[in-house]
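A quick write-up on the structure given underneath.
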Amino acid sequence: MKPNINYANLAESYLFSAVAKKAADYAAANPDKKVLKLSIGDVTLPLAPAVIAAMHEAVEEMGKKETFKGYGPEQGYPFLRESIKGYYARRGVTLNADEIFVSDGSKSDCGNILDIFAKENTVLVPDPVYPVYVDTNVMAGRKIVYAAATEENGFLPMPDENTNADIIYICSPNNPTGAAYTKEQLGKWVEYALRKNAVILYDAAYECFAEEGVARSIYEVEGAKKCAIELCSFSKTAGFTGTRCGYTVVPETLVYEGMSLRKMWLRRQTTKFNGVSYIVQKGAAAVFTEEGEKQIRENIDYYRENAKIIAACMEECGIPYTGGKNSPYIWLKCPNSKKSWEFFDDMLEKVQVVGTPGSGFGENGEGYFRLTAFGSRETTKEACARIVKWLKK
């Protein structure tokens with residue numbers, strides 16, 4: 001037996017695991033100090049009442065012989081796919097229900113979608129980048145090239161004709177930088193992908209935070225259905241981080257070398273995935289009802305306000321940053337030219353606030369730091385007060 005030697009090329013530990021361990025070790029050594037976390041992008045508000053009501057109803061159905069559900073369709077129940085289709089339609093994007101695949105989250109799909117692509121493909125990812133894009137391709141042994149996301153280009157790299165890639169990852173609004181592409185900017189990427197005969201993997205996990213002037217779906221761009229797969233999640237849209245549900249859109253017009261990517265993804269899912277539970281899918285469908293959308297918008301607005309509080313904190317301290325407006329993340333430049341982990345250690349030691357070091361997202365993340373708006377209002381305000389008091393000294 002030979003193990004997958006590509007795992008030896010991975011970083012020793014996953015970024016967020018390393019952050020959690022450092023925070024836990026500090027808290028254990030300093031039980032008298034209250035540690036505030038603005039690091040992991042996990043939500044803190046409960047599920048919307050409409051979602052809970054739908055899930056309660058589904059539980060009752062599962063307890064009766066007449067309405068009990070066993071194995072469901074691997075692609076997702078029609079009622080949820082139609083609900084997602086309607087959500088896109090209200091934003092001016094037309095999809096077919098059979099192009100929508102329900103899953104247990106976009107993180108899973110980011111890795112699993114690679115099953116339908118050959119190992120020989122070259123992958124293009126931005127730097128800094130969500131670690132999963134890189135790690136899953138390292139595990140598969142693919143060649144990875146990088147598009148530099150820097151302060152100079154607003155952390156929004158554009159296509160380089162001298163770079164050749166077969167698979168292109170785009171996340172907008174971006175994790176970790178909070179930067180977001182306009183429809184016109186995404187149009188340049190679509191044109192590039194079509195010229196290169198490449199496919200775009202578009203991570204729209206944070207689309208619900210995008211405001212006017214920023215694209216919420218790559219399918220707003222003409223021609224995108226010929227070159228792009230869109231991955232999305234209920235985790236940030238509706239607080240499903242612990243409930244687990246997401247979806248991936250694979251248009252039927254995606255055909256490479258005579259092979260339909262939609263049919264390949266369907267075949268992959270029917271072979272390796274038994275679908276999301278009926279109860280969870282009923283809750284997810286309630287998200288896109290009139291009442292559900294109203295309730296989740298209130299939750300999103302709560303996190304938006306947290307982001308404004310953190311952004312105001314940065315401005316008061318004179319710290320350059322991106323994000324906060326179209327994103328729940330604030331990507332700040334470490335003061336006094338500090339390294340990312342150095343700033344992490346200083347902030348944990350001096351004010352007991354935990355964030356995420358930018359260097360963990362890639363080479364261009366060094367010297368930057370990510371804070372999240374997904375904490376409680378109380379935690380956000382207290383953390384910002386501590387940071388301001390510390391940095392203004």
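Chain labels follow the order of the structure tokens: the first chain is A, the next B, and so on; residue numbering restarts at 1 in every chain, and ligands are counted from 1 in their shown order.
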Near-Pro46 of chain A list (12 Å; only C-alpha atoms; drop same-chain fewer than 5 positions) as a PDB file with N, CA and C atoms, in the first residue's frame:
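around-v4.pdb was written with the following content:
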```pdb
ATOM      1  N   VAL A  51     -37.535  29.203   9.535  1.00  0.00           N
ATOM      2  CA  VAL A  51     -36.740  27.990   9.321  1.00  0.00           C
ATOM      3  C   VAL A  51     -37.061  26.967  10.400  1.00  0.00           C
ATOM      4  N   ILE A  52     -37.089  27.398  11.646  1.00  0.00           N
ATOM      5  CA  ILE A  52     -37.377  26.496  12.760  1.00  0.00           C
ATOM      6  C   ILE A  52     -38.769  25.883  12.608  1.00  0.00           C
ATOM      7  N   SER A 235     -24.936  28.756   4.997  1.00  0.00           N
ATOM      8  CA  SER A 235     -24.228  29.008   6.257  1.00  0.00           C
ATOM      9  C   SER A 235     -24.228  30.489   6.618  1.00  0.00           C
ATOM     10  N   LYS A 236     -23.838  31.331   5.686  1.00  0.00           N
ATOM     11  CA  LYS A 236     -23.783  32.758   5.963  1.00  0.00           C
ATOM     12  C   LYS A 236     -25.091  33.456   5.595  1.00  0.00           C
ATOM     13  N   ALA A 238     -28.130  32.200   5.923  1.00  0.00           N
ATOM     14  CA  ALA A 238     -29.201  31.920   6.881  1.00  0.00           C
ATOM     15  C   ALA A 238     -28.713  31.290   8.184  1.00  0.00           C
ATOM     16  N   GLY A 239     -27.401  31.348   8.451  1.00  0.00           N
ATOM     17  CA  GLY A 239     -26.890  30.852   9.725  1.00  0.00           C
ATOM     18  C   GLY A 239     -26.850  29.346   9.851  1.00  0.00           C
ATOM     19  N   PHE A 240     -26.649  28.637   8.725  1.00  0.00           N
ATOM     20  CA  PHE A 240     -26.655  27.173   8.743  1.00  0.00           C
ATOM     21  C   PHE A 240     -25.279  26.563   9.007  1.00  0.00           C
ATOM     22  N   THR A 241     -24.373  27.287   9.634  1.00  0.00           N
ATOM     23  CA  THR A 241     -23.022  26.734   9.824  1.00  0.00           C
ATOM     24  C   THR A 241     -23.039  25.396  10.559  1.00  0.00           C
ATOM     25  N   GLY A 242     -23.953  25.243  11.515  1.00  0.00           N
ATOM     26  CA  GLY A 242     -24.064  23.979  12.241  1.00  0.00           C
ATOM     27  C   GLY A 242     -25.140  23.071  11.698  1.00  0.00           C
ATOM     28  N   THR A 243     -26.003  23.597  10.837  1.00  0.00           N
ATOM     29  CA  THR A 243     -27.099  22.814  10.266  1.00  0.00           C
ATOM     30  C   THR A 243     -26.675  22.131   8.975  1.00  0.00           C
ATOM     31  N   GLN A 295     -36.816  37.663   7.648  1.00  0.00           N
ATOM     32  CA  GLN A 295     -36.154  37.341   8.913  1.00  0.00           C
ATOM     33  C   GLN A 295     -34.644  37.203   8.753  1.00  0.00           C
ATOM     34  N   ILE A 296     -34.196  36.566   7.689  1.00  0.00           N
ATOM     35  CA  ILE A 296     -32.747  36.412   7.526  1.00  0.00           C
ATOM     36  C   ILE A 296     -32.099  37.751   7.169  1.00  0.00           C
ATOM     37  N   GLU A 298     -32.882  40.523   8.518  1.00  0.00           N
ATOM     38  CA  GLU A 298     -32.650  41.153   9.821  1.00  0.00           C
ATOM     39  C   GLU A 298     -31.349  40.632  10.439  1.00  0.00           C
ATOM     40  N   ASN A 299     -31.106  39.339  10.311  1.00  0.00           N
ATOM     41  CA  ASN A 299     -29.861  38.765  10.829  1.00  0.00           C
ATOM     42  C   ASN A 299     -28.645  39.304  10.080  1.00  0.00           C
ATOM     43  N   ILE A 300     -28.751  39.366   8.761  1.00  0.00           N
ATOM     44  CA  ILE A 300     -27.637  39.871   7.951  1.00  0.00           C
ATOM     45  C   ILE A 300     -27.359  41.332   8.287  1.00  0.00           C
ATOM     46  N   PHE A 374     -19.093  38.318  12.556  1.00  0.00           N
ATOM     47  CA  PHE A 374     -20.092  37.321  12.926  1.00  0.00           C
ATOM     48  C   PHE A 374     -20.239  37.114  14.432  1.00  0.00           C
ATOM     49  N   SER A 376     -21.149  38.334  18.465  1.00  0.00           N
ATOM     50  CA  SER A 376     -22.294  39.036  19.041  1.00  0.00           C
ATOM     51  C   SER A 376     -22.005  40.528  19.057  1.00  0.00           C
TER      52      SER A 376
END
```
Notebook entry, point to check: DSSP on the backbone: what in segment 295-377 of chain A comes out strand (DSSP E), as a list of chain:residue names?
Noted result: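 Going through segment 295-377 of chain A, the strand (DSSP E) residues come out as A:Tyr321, A:Thr322, A:Gly323, A:Tyr329, A:Ile330, A:Trp331, A:Leu332, A:Lys333, A:Val353, A:Val354, A:Thr356, A:Pro357, A:Tyr368, A:Phe369, A:Arg370, A:Leu371, A:Thr372.
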Create the file for the chosen residues now, containing N, CA and C atoms and written as a tab-separated table (two decimals), in the first residue's frame.
```tsv
chain	number	residue	atom	x	y	z
A	321	TYR	N	-7.77	49.42	5.70
A	321	TYR	CA	-8.49	48.14	5.66
A	321	TYR	C	-9.34	48.06	4.40
A	322	THR	N	-9.75	46.85	4.04
A	322	THR	CA	-10.77	46.63	3.02
A	322	THR	C	-11.87	45.79	3.64
A	323	GLY	N	-12.99	45.66	2.92
A	323	GLY	CA	-14.11	44.88	3.45
A	323	GLY	C	-14.98	45.70	4.37
A	329	TYR	N	-16.18	40.50	6.58
A	329	TYR	CA	-14.78	40.48	7.01
A	329	TYR	C	-14.14	41.85	6.84
A	330	ILE	N	-13.26	42.17	7.78
A	330	ILE	CA	-12.45	43.37	7.71
A	330	ILE	C	-11.00	42.90	7.59
A	331	TRP	N	-10.36	43.31	6.51
A	331	TRP	CA	-8.99	42.90	6.20
A	331	TRP	C	-8.11	44.12	6.45
A	332	LEU	N	-7.36	44.08	7.55
A	332	LEU	CA	-6.61	45.26	7.96
A	332	LEU	C	-5.10	45.09	7.80
A	333	LYS	N	-4.45	46.21	7.62
A	333	LYS	CA	-2.99	46.20	7.51
A	333	LYS	C	-2.41	46.29	8.91
A	353	VAL	N	-7.91	39.71	22.38
A	353	VAL	CA	-8.78	39.63	21.22
A	353	VAL	C	-8.11	38.72	20.19
A	354	VAL	N	-8.90	37.82	19.61
A	354	VAL	CA	-8.38	36.86	18.64
A	354	VAL	C	-8.89	37.18	17.24
A	356	THR	N	-7.53	36.49	12.78
A	356	THR	CA	-6.88	35.48	11.95
A	356	THR	C	-5.71	36.10	11.19
A	357	PRO	N	-4.50	35.57	11.37
A	357	PRO	CA	-3.33	36.12	10.68
A	357	PRO	C	-3.44	36.00	9.17
A	368	TYR	N	-0.96	41.36	7.05
A	368	TYR	CA	-2.38	41.70	7.13
A	368	TYR	C	-3.07	40.80	8.16
A	369	PHE	N	-4.31	41.14	8.46
A	369	PHE	CA	-5.03	40.47	9.54
A	369	PHE	C	-6.53	40.53	9.25
A	370	ARG	N	-7.24	39.42	9.55
A	370	ARG	CA	-8.68	39.38	9.29
A	370	ARG	C	-9.48	39.37	10.59
A	371	LEU	N	-10.49	40.24	10.64
A	371	LEU	CA	-11.46	40.23	11.74
A	371	LEU	C	-12.83	39.93	11.16
A	372	THR	N	-13.68	39.25	11.93
A	372	THR	CA	-14.99	38.88	11.45
A	372	THR	C	-16.10	39.62	12.18
```
Interface rows for segment 92-140 of chain A against segment 222-231 of chain A: nearest pair, Å to one decimal, 9 Å, only C-alpha atoms, as a Markdown table:
```
| residue | atom | partner | partner_atom | distance |
| --- | --- | --- | --- | --- |
| A:Gly105 | CA | A:Leu231 | CA | 8.8 |
| A:Ser106 | CA | A:Leu231 | CA | 5.8 |
| A:Lys107 | CA | A:Leu231 | CA | 8.8 |
| A:Asp109 | CA | A:Leu231 | CA | 7.2 |
| A:Cys110 | CA | A:Leu231 | CA | 7.4 |
```
Note to self: For Gln185 of chain A, find every residue with an atom within 10 Å (counting only C-alpha atoms), except residues of its own chain fewer than 2 positions away, and show them as a list in words.
What the structure shows: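 Once the nearby chain positions are removed, what remains is Leu156, Pro157, Met158, Pro159, Ala180, Tyr181, Thr182, Lys183, Gly187, Lys188, Trp189, Val190, Val214, Ala215 and Val221 of chain A.
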Next item on the list: Just give me the gap between atom CA of Val134 of chain A and atom CA of Ser39 of chain A in Å, one decimal is fine.
Entry: 20.1 Å
Next item on the list: Might you pull out every residue within 12 Å of Leu201 of chain A, with only C-alpha atoms counted and same-chain residues fewer than 2 positions away left off, and present them as number ranges by chain?
Entry: A: 106, 109-114, 117, 123-125, 133, 166-172, 189-190, 193, 198-199, 203-205, 217-219, 224-225, 227-232, 248-250
Emit the selected residues as a PDB file, in the first residue's frame, including C-alpha atoms.
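That gives us out_26.pdb:
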```pdb
ATOM      1  CA  SER A 106     -19.989  24.900  -0.149  1.00  0.00           C
ATOM      2  CA  ASP A 109     -18.363  21.115  -2.779  1.00  0.00           C
ATOM      3  CA  CYS A 110     -15.184  23.201  -3.226  1.00  0.00           C
ATOM      4  CA  GLY A 111     -13.193  20.022  -2.715  1.00  0.00           C
ATOM      5  CA  ASN A 112     -15.576  17.425  -4.130  1.00  0.00           C
ATOM      6  CA  ILE A 113     -16.157  19.239  -7.428  1.00  0.00           C
ATOM      7  CA  LEU A 114     -12.542  18.483  -8.284  1.00  0.00           C
ATOM      8  CA  PHE A 117     -11.591  17.390 -13.425  1.00  0.00           C
ATOM      9  CA  VAL A 123      -5.372  25.679 -11.134  1.00  0.00           C
ATOM     10  CA  LEU A 124      -5.359  29.465 -10.704  1.00  0.00           C
ATOM     11  CA  VAL A 125      -6.161  30.869  -7.265  1.00  0.00           C
ATOM     12  CA  TYR A 133      -8.940  26.019  -2.564  1.00  0.00           C
ATOM     13  CA  ASP A 166      -7.699  25.382 -16.685  1.00  0.00           C
ATOM     14  CA  ILE A 167      -9.540  25.864 -13.388  1.00  0.00           C
ATOM     15  CA  ILE A 168      -9.982  29.361 -11.923  1.00  0.00           C
ATOM     16  CA  TYR A 169     -11.153  30.035  -8.372  1.00  0.00           C
ATOM     17  CA  ILE A 170     -12.953  33.299  -7.692  1.00  0.00           C
ATOM     18  CA  CYS A 171     -14.532  34.232  -4.354  1.00  0.00           C
ATOM     19  CA  SER A 172     -16.583  37.432  -4.273  1.00  0.00           C
ATOM     20  CA  TRP A 189     -12.784  36.955 -16.057  1.00  0.00           C
ATOM     21  CA  VAL A 190     -15.555  35.323 -18.084  1.00  0.00           C
ATOM     22  CA  ALA A 193     -12.025  31.805 -19.244  1.00  0.00           C
ATOM     23  CA  ALA A 198     -11.097  27.185 -18.729  1.00  0.00           C
ATOM     24  CA  VAL A 199     -13.771  26.746 -16.078  1.00  0.00           C
ATOM     25  CA  ASP A 203     -17.602  30.842  -4.603  1.00  0.00           C
ATOM     26  CA  ALA A 204     -20.644  32.992  -3.778  1.00  0.00           C
ATOM     27  CA  ALA A 205     -20.866  32.023  -0.103  1.00  0.00           C
ATOM     28  CA  SER A 217     -23.801  35.870  -8.979  1.00  0.00           C
ATOM     29  CA  ILE A 218     -21.396  35.280 -11.812  1.00  0.00           C
ATOM     30  CA  TYR A 219     -24.420  34.405 -13.962  1.00  0.00           C
ATOM     31  CA  ALA A 224     -20.858  32.833 -17.747  1.00  0.00           C
ATOM     32  CA  LYS A 225     -23.069  29.758 -18.137  1.00  0.00           C
ATOM     33  CA  CYS A 227     -17.621  28.621 -18.369  1.00  0.00           C
ATOM     34  CA  ALA A 228     -18.634  28.905 -14.704  1.00  0.00           C
ATOM     35  CA  ILE A 229     -19.819  26.740 -11.831  1.00  0.00           C
ATOM     36  CA  GLU A 230     -21.264  28.623  -8.860  1.00  0.00           C
ATOM     37  CA  LEU A 231     -21.001  27.351  -5.286  1.00  0.00           C
ATOM     38  CA  CYS A 232     -23.132  28.819  -2.547  1.00  0.00           C
ATOM     39  CA  THR A 248     -23.831  24.194  -6.442  1.00  0.00           C
ATOM     40  CA  VAL A 249     -25.045  25.356  -9.839  1.00  0.00           C
ATOM     41  CA  VAL A 250     -23.660  23.488 -12.849  1.00  0.00           C
TER      42      VAL A 250
END
```
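Atom pair atom CA of Val276 of chain A / atom CA of Ala20 of chain A: separated by 28.3 Å.
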Item checked: Close residues, Phe101 of chain A itself excluded, 9 Å, only C-alpha atoms, min 3 positions apart in chain, as a ChimeraX atom specification -> /A:74-76,81,97-98,246-250,265-266,269
Next item on the list: Give me, please, the distance in Å between atom CA of Phe155 of chain A and atom CA of Pro335 of chain A, quoted to one decimal.
Entry: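 Atom-to-atom, atom CA of Phe155 of chain A and atom CA of Pro335 of chain A are spaced 18.4 Å apart.
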Margin query: Taking only C-alpha atoms into account, name the residue in A:Gly367, A:Gly213, A:Gly318, A:Gly283 that is nearest to Ala50 of chain A.
Written below: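 So, comparing all the options, the nearest one is A:Gly283.
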Next item on the list: Excluding Ala284 of chain A and residues on its chain fewer than 4 positions from it, collect all residues at most 8 Å away from it, counting only C-alpha atoms, and give them as a list in words.
Entry: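 Selected residues are Val51, Leu80, Phe234, Cys245, Val280 and Phe288 of chain A.
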Can I get the selected residues back with N, CA and C atoms, as an mmCIF file, in the first residue's frame?
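This went into selection25.cif:
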```cif
data_model
loop_
_atom_site.group_PDB
_atom_site.id
_atom_site.type_symbol
_atom_site.label_atom_id
_atom_site.label_comp_id
_atom_site.auth_asym_id
_atom_site.auth_seq_id
_atom_site.Cartn_x
_atom_site.Cartn_y
_atom_site.Cartn_z
ATOM 1 N N VAL A 51 -37.535 29.203 9.535
ATOM 2 C CA VAL A 51 -36.740 27.990 9.321
ATOM 3 C C VAL A 51 -37.061 26.967 10.400
ATOM 4 N N LEU A 80 -36.862 22.244 -2.782
ATOM 5 C CA LEU A 80 -35.757 23.138 -2.432
ATOM 6 C C LEU A 80 -35.090 23.679 -3.689
ATOM 7 N N PHE A 234 -25.945 28.075 2.620
ATOM 8 C CA PHE A 234 -26.899 28.665 3.556
ATOM 9 C C PHE A 234 -26.213 29.072 4.862
ATOM 10 N N CYS A 245 -26.008 23.041 4.964
ATOM 11 C CA CYS A 245 -26.707 22.938 3.684
ATOM 12 C C CYS A 245 -26.145 23.982 2.739
ATOM 13 N N VAL A 280 -33.493 19.172 7.132
ATOM 14 C CA VAL A 280 -32.653 20.329 6.833
ATOM 15 C C VAL A 280 -33.107 21.009 5.536
ATOM 16 N N PHE A 288 -36.171 31.001 1.667
ATOM 17 C CA PHE A 288 -36.513 31.816 0.512
ATOM 18 C C PHE A 288 -38.019 32.078 0.378
#
```
Checklist line | Proximity to Gly63 of chain A - best of A:Val43, A:Leu95, A:Ile279, A:Ala312, only C-alpha atoms | finding: A:Ile279
Item checked: Near-segment 6-14 of chain A list (9 Å; only C-alpha atoms; drop same-chain fewer than 3 positions) as a PyMOL selection string -> chain A and resi 3+17-19+131+135+138-141+360
Next, the residues of the selection above should be written as a compact mmCIF listing (two decimals), in the first residue's frame with N, CA and C atoms.
```
# COMPACT_ATOMS: atom_id res chain seq x y z
N PRO A 3 0.59 5.44 0.46
CA PRO A 3 -0.29 6.55 0.83
C PRO A 3 -0.22 7.65 -0.23
N SER A 17 -7.42 25.81 12.73
CA SER A 17 -7.10 24.92 13.85
C SER A 17 -5.95 25.50 14.66
N ALA A 18 -4.96 26.07 13.95
CA ALA A 18 -3.82 26.68 14.63
C ALA A 18 -4.25 27.90 15.45
N VAL A 19 -5.15 28.70 14.89
CA VAL A 19 -5.67 29.87 15.60
C VAL A 19 -6.42 29.44 16.86
N PRO A 131 -7.99 28.87 2.36
CA PRO A 131 -7.06 27.74 2.29
C PRO A 131 -7.60 26.48 1.62
N ASP A 135 -5.47 23.72 -0.54
CA ASP A 135 -5.20 22.42 0.08
C ASP A 135 -5.82 21.26 -0.68
N VAL A 138 -3.69 20.63 -3.68
CA VAL A 138 -2.41 20.03 -3.26
C VAL A 138 -2.62 18.55 -2.99
N MET A 139 -3.70 18.20 -2.32
CA MET A 139 -4.00 16.80 -2.04
C MET A 139 -4.11 15.97 -3.31
N ALA A 140 -4.60 16.61 -4.37
CA ALA A 140 -4.78 15.91 -5.64
C ALA A 140 -3.53 15.93 -6.51
N GLY A 141 -2.54 16.73 -6.11
CA GLY A 141 -1.29 16.79 -6.86
C GLY A 141 -1.34 17.69 -8.08
N GLY A 360 -1.70 33.27 6.91
CA GLY A 360 -2.28 31.93 6.79
C GLY A 360 -3.08 31.75 5.52
```
Check: If you run DSSP on the backbone, which residues of segment 122-247 of chain A are helix (DSSP H, G or I), as a VMD selection string?
Finding: chain A and resid 131 to 140 183 to 196 207 to 209 218 to 220 224 to 226 234 to 238
Mind dumping a table of every segment 298-340 of chain A residue within 7 Å of segment 384-393 of chain A, with the nearest atom pair and its distance in Å to one decimal, using only C-alpha atoms, sorted by chain and rising number, as a Markdown table?
```
| residue | atom | partner | partner_atom | distance |
| --- | --- | --- | --- | --- |
| A:Ile310 | CA | A:Cys384 | CA | 6.3 |
| A:Cys313 | CA | A:Cys384 | CA | 6.0 |
| A:Cys317 | CA | A:Lys392 | CA | 6.1 |
```
